[in-house]
Amino acid sequence: MNTVVLVGNIPQEGKDALRRQFANKLKVVEASNAEEAAAVQEAKYLVVRGTKYPAEEIAKLPGGVRMLTRWGVGYDSVDIEAAGKRGITVTICTGGNAEPVAELTLLLMLAACRRLPQLLDRAREGRKDKEDLISQSLLLENKTVGLLGMGNIGSKVAKMVQSFGAKVQYYDAFRLDEARERQANVSYVSLDTLFLTSDIVSLHLPLLESTRGMIDRSAFGKMKNSAILINTARGPIVDTDALMEAVQSGTIAGAALDTVSGEPLPADHPIFQNDRIILTPHAGGNTSDNTENMARIIANCILDVEQGAGLGQKYIVNSQYLPQRQ
């Protein structure tokens with residue numbers, strides 16, 4: 001019986017769900033980190049959350065490992081080229097956490113627009129004064145939301161904000177066909193146009209060399225001074241120093257982030273002193289009731305490979321580095 005290694009901080013509910021899925025089909029063992037996982041010589045499949053796999057860790061894996069599956073959709077913590085050259089397929093849970101990330105995106109938009117953290121502070125302090133915050137508050141209705149990325153998450157966000165009466169425009173390296181744009185009621189614009197004309201700019205891109213630092217001083221300089229930036233994608237897409245400068249100077253109105261470069265930031269980081277910036281601890285992709293869905297996607301991918309069935313290309317992120325036979 002082949003072995004699946006659960007690596008890192010996979011939620012207990014997820015571990016239990018995977019054990020149920022693999023019962024009588026695959027052996028399941030746990031490892032708290034990459035070093036422990038490398039010691040499981042019979043490992044064939046890895047399920048990884050919260051553990052980095054650079055080239056040096058890939059090199060330590062037993063020769064029998066054939067698949068490394070990320071619990072989530074980000075894969076910047078895995079050297080996919082090194083894995084591919086060893087014949088290890090790297091997969092992600094495409095679409096698996098789209099709903100929780102999209103919902104948190106909407107929550108952050110509303111919280112930033114309505115100055116929610118400051119209103120909560122006033123209530124805790126026993127204060128009733130709020131007119132200054134009301135004068136800074138905004139509706140989503142009639143606003144233009146610019147989405148950078150129109151994949152599974154971006155598409156859900158588009159639908160959600162439209163229900164509030166917002167207009168949606170987007171930029172993506174891979175434009176939707178016109179029929180899908182009409183169906184989704186979204187408009188494709190250039191990147192510069194998106195920055196110049198959006199009231200809210202929301203990021204839904206993977207972290208690649210082409211997107212690292214993409215939201216920099218130049219990008220902020222093109223945005224409206226009333227614009228709000230939302231990031232539920234990957235922290236290093238945004239230049240944090242440039243963001244701080246943009247908010248402090250009034251170049252943009254504020255930001256709401258679920259992820260930031262260098263996370264977790266120390267408690268004394270100046271970002272926490274700016275009441276125009278909301279920061280949550282990279283929690284967007286996880287809810288207790290979505291765990292079963294994530295486990296199901298992962299289990300199906302592994303069982304498809306185990307049973308010799310074809311693996312959907314939408315889950316594989318390193319096809320270009322795999323041997324041709326793969």
# chains A, B, ... in the order shown; residues from 1 in each chain; ligands from 1

call {"tool": "residues_around", "arguments": {"residues": "Thr211 (chain A)", "least_positions_apart": "3", "cutoff": "9 Å", "atoms": "only C-alpha atoms", "output": "NGL selection string"}}
result
:A and (205-208 or 214-215 or 236-238)

call {"tool": "write_last_selection", "arguments": {"atoms": "N, CA and C atoms", "output": "PDB file, in the first residue's frame"}}
result
ATOM      1  N   LEU A 205      -4.036  37.479  -8.066  1.00  0.00           N
ATOM      2  CA  LEU A 205      -2.973  36.986  -8.940  1.00  0.00           C
ATOM      3  C   LEU A 205      -2.080  36.020  -8.165  1.00  0.00           C
ATOM      4  N   PRO A 206      -1.455  35.063  -8.859  1.00  0.00           N
ATOM      5  CA  PRO A 206      -0.436  34.250  -8.195  1.00  0.00           C
ATOM      6  C   PRO A 206       0.845  35.054  -8.050  1.00  0.00           C
ATOM      7  N   LEU A 207       1.696  34.640  -7.128  1.00  0.00           N
ATOM      8  CA  LEU A 207       3.004  35.278  -6.986  1.00  0.00           C
ATOM      9  C   LEU A 207       3.977  34.622  -7.946  1.00  0.00           C
ATOM     10  N   LEU A 208       4.351  35.372  -8.974  1.00  0.00           N
ATOM     11  CA  LEU A 208       5.322  34.946  -9.971  1.00  0.00           C
ATOM     12  C   LEU A 208       6.395  36.033 -10.054  1.00  0.00           C
ATOM     13  N   MET A 214       4.599  44.094  -8.146  1.00  0.00           N
ATOM     14  CA  MET A 214       3.817  44.708  -9.233  1.00  0.00           C
ATOM     15  C   MET A 214       3.116  45.988  -8.777  1.00  0.00           C
ATOM     16  N   ILE A 215       2.638  45.991  -7.527  1.00  0.00           N
ATOM     17  CA  ILE A 215       1.967  47.185  -7.010  1.00  0.00           C
ATOM     18  C   ILE A 215       3.017  48.011  -6.260  1.00  0.00           C
ATOM     19  N   PRO A 236       3.959  39.613  -1.329  1.00  0.00           N
ATOM     20  CA  PRO A 236       5.027  40.259  -2.102  1.00  0.00           C
ATOM     21  C   PRO A 236       4.596  40.870  -3.433  1.00  0.00           C
ATOM     22  N   ILE A 237       3.339  40.690  -3.816  1.00  0.00           N
ATOM     23  CA  ILE A 237       2.844  41.389  -5.005  1.00  0.00           C
ATOM     24  C   ILE A 237       2.833  42.899  -4.759  1.00  0.00           C
ATOM     25  N   VAL A 238       2.718  43.276  -3.492  1.00  0.00           N
ATOM     26  CA  VAL A 238       2.661  44.693  -3.112  1.00  0.00           C
ATOM     27  C   VAL A 238       3.963  45.104  -2.430  1.00  0.00           C
TER      28      VAL A 238
END

call {"tool": "closest_residue", "arguments": {"among": "A:Val28, A:Ile153, A:Val317, A:Ala23", "to": "Gly84 (chain A)", "atoms": "only C-alpha atoms"}}
result
A:Val317

call {"tool": "closest_atom_pairs", "arguments": {"of": "region 45-79 of chain A", "to": "region 86-103 of chain A", "cutoff": "10 Å", "atoms": "only C-alpha atoms", "output": "Markdown table"}}
result
| residue | atom | partner | partner_atom | distance |
| --- | --- | --- | --- | --- |
| A:Tyr45 | CA | A:Ile88 | CA | 9.3 |
| A:Leu46 | CA | A:Val90 | CA | 9.5 |
| A:Val47 | CA | A:Thr91 | CA | 9.5 |
| A:Val48 | CA | A:Ile92 | CA | 9.9 |
| A:Ile58 | CA | A:Arg86 | CA | 8.3 |
| A:Ala59 | CA | A:Arg86 | CA | 8.2 |
| A:Leu61 | CA | A:Arg86 | CA | 9.6 |
| A:Gly63 | CA | A:Arg86 | CA | 8.4 |
| A:Gly64 | CA | A:Ile88 | CA | 9.2 |
| A:Val65 | CA | A:Ile88 | CA | 6.6 |
| A:Arg66 | CA | A:Ile88 | CA | 4.6 |
| A:Met67 | CA | A:Thr89 | CA | 4.7 |
| A:Leu68 | CA | A:Val90 | CA | 4.9 |
| A:Thr69 | CA | A:Thr91 | CA | 4.7 |
| A:Arg70 | CA | A:Ile92 | CA | 5.0 |
| A:Trp71 | CA | A:Cys93 | CA | 6.5 |
| A:Gly72 | CA | A:Cys93 | CA | 5.3 |
| A:Val73 | CA | A:Ile92 | CA | 5.0 |
| A:Gly74 | CA | A:Ile92 | CA | 7.3 |
| A:Tyr75 | CA | A:Ile92 | CA | 7.4 |
| A:Val78 | CA | A:Val90 | CA | 8.4 |
| A:Asp79 | CA | A:Val90 | CA | 9.3 |

call {"tool": "write_last_selection", "arguments": {"atoms": "C-alpha atoms", "output": "mmCIF file, in the first residue's frame"}}
result
data_model
loop_
_atom_site.group_PDB
_atom_site.id
_atom_site.type_symbol
_atom_site.label_atom_id
_atom_site.label_comp_id
_atom_site.auth_asym_id
_atom_site.auth_seq_id
_atom_site.Cartn_x
_atom_site.Cartn_y
_atom_site.Cartn_z
ATOM 1 C CA TYR A 45 2.460 11.499 -2.157
ATOM 2 C CA LEU A 46 2.905 14.642 -0.057
ATOM 3 C CA VAL A 47 0.090 16.944 1.066
ATOM 4 C CA VAL A 48 1.672 20.206 2.246
ATOM 5 C CA ILE A 58 13.040 18.831 -2.886
ATOM 6 C CA ALA A 59 16.460 17.203 -3.282
ATOM 7 C CA LEU A 61 12.808 13.742 -0.790
ATOM 8 C CA GLY A 63 13.056 8.749 -4.801
ATOM 9 C CA GLY A 64 9.564 7.300 -4.772
ATOM 10 C CA VAL A 65 7.749 10.631 -4.319
ATOM 11 C CA ARG A 66 5.650 11.329 -7.371
ATOM 12 C CA MET A 67 3.300 14.126 -6.294
ATOM 13 C CA LEU A 68 3.434 17.150 -3.990
ATOM 14 C CA THR A 69 0.011 18.689 -3.427
ATOM 15 C CA ARG A 70 -0.424 22.101 -1.821
ATOM 16 C CA TRP A 71 -3.323 22.540 0.576
ATOM 17 C CA GLY A 72 -4.428 25.746 -1.123
ATOM 18 C CA VAL A 73 -3.799 27.477 -4.432
ATOM 19 C CA GLY A 74 -0.533 29.333 -3.814
ATOM 20 C CA TYR A 75 2.630 27.532 -4.832
ATOM 21 C CA VAL A 78 7.554 25.272 -3.707
ATOM 22 C CA ASP A 79 10.379 25.180 -6.247
#

call {"tool": "residues_around", "arguments": {"residues": "Val168 (chain A)", "least_positions_apart": "6", "cutoff": "12 Å", "atoms": "only C-alpha atoms", "output": "number ranges by chain"}}
result
A: 140-150, 154-162, 181-182, 184-189, 194, 197-202

call {"tool": "write_last_selection", "arguments": {"atoms": "N, CA and C atoms", "output": "mmCIF file, in the first residue's frame"}}
result
data_model
loop_
_atom_site.group_PDB
_atom_site.id
_atom_site.type_symbol
_atom_site.label_atom_id
_atom_site.label_comp_id
_atom_site.auth_asym_id
_atom_site.auth_seq_id
_atom_site.Cartn_x
_atom_site.Cartn_y
_atom_site.Cartn_z
ATOM 1 N N LEU A 140 -20.391 50.613 -1.611
ATOM 2 C CA LEU A 140 -19.919 49.879 -2.793
ATOM 3 C C LEU A 140 -20.783 50.211 -4.006
ATOM 4 N N GLU A 141 -22.010 50.548 -3.767
ATOM 5 C CA GLU A 141 -22.922 50.874 -4.856
ATOM 6 C C GLU A 141 -22.362 52.006 -5.715
ATOM 7 N N ASN A 142 -22.412 51.801 -7.021
ATOM 8 C CA ASN A 142 -21.958 52.780 -8.019
ATOM 9 C C ASN A 142 -20.451 52.985 -8.052
ATOM 10 N N LYS A 143 -19.697 52.170 -7.354
ATOM 11 C CA LYS A 143 -18.239 52.238 -7.423
ATOM 12 C C LYS A 143 -17.728 51.326 -8.535
ATOM 13 N N THR A 144 -16.540 51.643 -9.028
ATOM 14 C CA THR A 144 -15.874 50.804 -10.019
ATOM 15 C C THR A 144 -14.828 49.957 -9.309
ATOM 16 N N VAL A 145 -15.018 48.651 -9.352
ATOM 17 C CA VAL A 145 -14.081 47.718 -8.739
ATOM 18 C C VAL A 145 -13.189 47.155 -9.841
ATOM 19 N N GLY A 146 -11.886 47.326 -9.681
ATOM 20 C CA GLY A 146 -10.933 46.805 -10.661
ATOM 21 C C GLY A 146 -10.267 45.559 -10.120
ATOM 22 N N LEU A 147 -10.442 44.455 -10.806
ATOM 23 C CA LEU A 147 -9.888 43.170 -10.375
ATOM 24 C C LEU A 147 -8.646 42.838 -11.192
ATOM 25 N N LEU A 148 -7.543 42.626 -10.501
ATOM 26 C CA LEU A 148 -6.334 42.132 -11.170
ATOM 27 C C LEU A 148 -6.343 40.618 -11.037
ATOM 28 N N GLY A 149 -6.794 39.955 -12.090
ATOM 29 C CA GLY A 149 -6.940 38.509 -12.080
ATOM 30 C C GLY A 149 -8.410 38.148 -12.125
ATOM 31 N N MET A 150 -8.791 37.337 -13.114
ATOM 32 C CA MET A 150 -10.190 36.934 -13.272
ATOM 33 C C MET A 150 -10.280 35.418 -13.344
ATOM 34 N N GLY A 154 -11.396 35.723 -8.546
ATOM 35 C CA GLY A 154 -11.808 36.994 -9.135
ATOM 36 C C GLY A 154 -13.221 36.944 -9.686
ATOM 37 N N SER A 155 -13.582 35.841 -10.312
ATOM 38 C CA SER A 155 -14.931 35.703 -10.880
ATOM 39 C C SER A 155 -15.997 35.739 -9.800
ATOM 40 N N LYS A 156 -15.710 35.104 -8.668
ATOM 41 C CA LYS A 156 -16.675 35.122 -7.559
ATOM 42 C C LYS A 156 -16.781 36.516 -6.956
ATOM 43 N N VAL A 157 -15.645 37.197 -6.811
ATOM 44 C CA VAL A 157 -15.676 38.555 -6.279
ATOM 45 C C VAL A 157 -16.493 39.459 -7.196
ATOM 46 N N ALA A 158 -16.322 39.304 -8.501
ATOM 47 C CA ALA A 158 -17.070 40.122 -9.460
ATOM 48 C C ALA A 158 -18.570 39.981 -9.241
ATOM 49 N N LYS A 159 -19.007 38.753 -9.094
ATOM 50 C CA LYS A 159 -20.444 38.501 -8.894
ATOM 51 C C LYS A 159 -20.928 39.099 -7.578
ATOM 52 N N MET A 160 -20.119 38.973 -6.538
ATOM 53 C CA MET A 160 -20.519 39.484 -5.224
ATOM 54 C C MET A 160 -20.657 40.995 -5.219
ATOM 55 N N VAL A 161 -19.657 41.707 -5.752
ATOM 56 C CA VAL A 161 -19.714 43.170 -5.689
ATOM 57 C C VAL A 161 -20.788 43.719 -6.622
ATOM 58 N N GLN A 162 -21.076 43.003 -7.696
ATOM 59 C CA GLN A 162 -22.156 43.438 -8.576
ATOM 60 C C GLN A 162 -23.506 43.401 -7.866
ATOM 61 N N GLU A 181 -17.166 37.397 -20.934
ATOM 62 C CA GLU A 181 -17.212 38.751 -20.386
ATOM 63 C C GLU A 181 -18.645 39.266 -20.318
ATOM 64 N N ARG A 182 -19.422 39.017 -21.383
ATOM 65 C CA ARG A 182 -20.822 39.450 -21.386
ATOM 66 C C ARG A 182 -21.606 38.726 -20.301
ATOM 67 N N ALA A 184 -20.494 37.459 -17.535
ATOM 68 C CA ALA A 184 -20.071 37.923 -16.208
ATOM 69 C C ALA A 184 -20.316 39.417 -16.005
ATOM 70 N N ASN A 185 -20.689 40.125 -17.074
ATOM 71 C CA ASN A 185 -20.938 41.562 -17.027
ATOM 72 C C ASN A 185 -19.703 42.328 -16.540
ATOM 73 N N VAL A 186 -18.549 41.975 -17.103
ATOM 74 C CA VAL A 186 -17.294 42.635 -16.743
ATOM 75 C C VAL A 186 -16.644 43.201 -17.995
ATOM 76 N N SER A 187 -15.825 44.210 -17.816
ATOM 77 C CA SER A 187 -15.129 44.854 -18.927
ATOM 78 C C SER A 187 -13.623 44.667 -18.778
ATOM 79 N N TYR A 188 -12.977 44.306 -19.867
ATOM 80 C CA TYR A 188 -11.522 44.175 -19.868
ATOM 81 C C TYR A 188 -10.898 45.531 -20.162
ATOM 82 N N VAL A 189 -9.889 45.914 -19.362
ATOM 83 C CA VAL A 189 -9.194 47.180 -19.567
ATOM 84 C C VAL A 189 -7.701 46.936 -19.442
ATOM 85 N N LEU A 194 -7.012 50.417 -15.481
ATOM 86 C CA LEU A 194 -7.559 49.886 -14.238
ATOM 87 C C LEU A 194 -7.083 50.718 -13.046
ATOM 88 N N THR A 197 -8.743 54.371 -13.079
ATOM 89 C CA THR A 197 -10.195 54.578 -13.035
ATOM 90 C C THR A 197 -10.930 53.767 -11.971
ATOM 91 N N SER A 198 -10.247 52.893 -11.255
ATOM 92 C CA SER A 198 -10.933 52.057 -10.266
ATOM 93 C C SER A 198 -11.032 52.758 -8.914
ATOM 94 N N ASP A 199 -12.182 52.608 -8.269
ATOM 95 C CA ASP A 199 -12.345 53.096 -6.904
ATOM 96 C C ASP A 199 -11.761 52.109 -5.903
ATOM 97 N N ILE A 200 -11.824 50.828 -6.254
ATOM 98 C CA ILE A 200 -11.242 49.766 -5.440
ATOM 99 C C ILE A 200 -10.418 48.886 -6.365
ATOM 100 N N VAL A 201 -9.182 48.618 -5.994
ATOM 101 C CA VAL A 201 -8.307 47.726 -6.757
ATOM 102 C C VAL A 201 -8.097 46.471 -5.910
ATOM 103 N N SER A 202 -8.505 45.325 -6.447
ATOM 104 C CA SER A 202 -8.448 44.076 -5.689
ATOM 105 C C SER A 202 -7.578 43.059 -6.419
#

call {"tool": "atom_distance", "arguments": {"atom1": "CA of Leu6 (chain A)", "atom2": "CA of Ser32 (chain A)"}}
result
8.1 Å

call {"tool": "atom_distance", "arguments": {"atom1": "CA of Ala17 (chain A)", "atom2": "CA of Val4 (chain A)"}}
result
13.3 Å

call {"tool": "select_by_dssp", "arguments": {"residues": "region 82-323 of chain A", "states": "helix (DSSP H, G or I)", "output": "ChimeraX atom specification"}}
result
/A:82-85,98-113,116-124,131-134,152-162,178-184,191-197,217-222,235-237,240-249,270-273,288-306,313-315,319-321
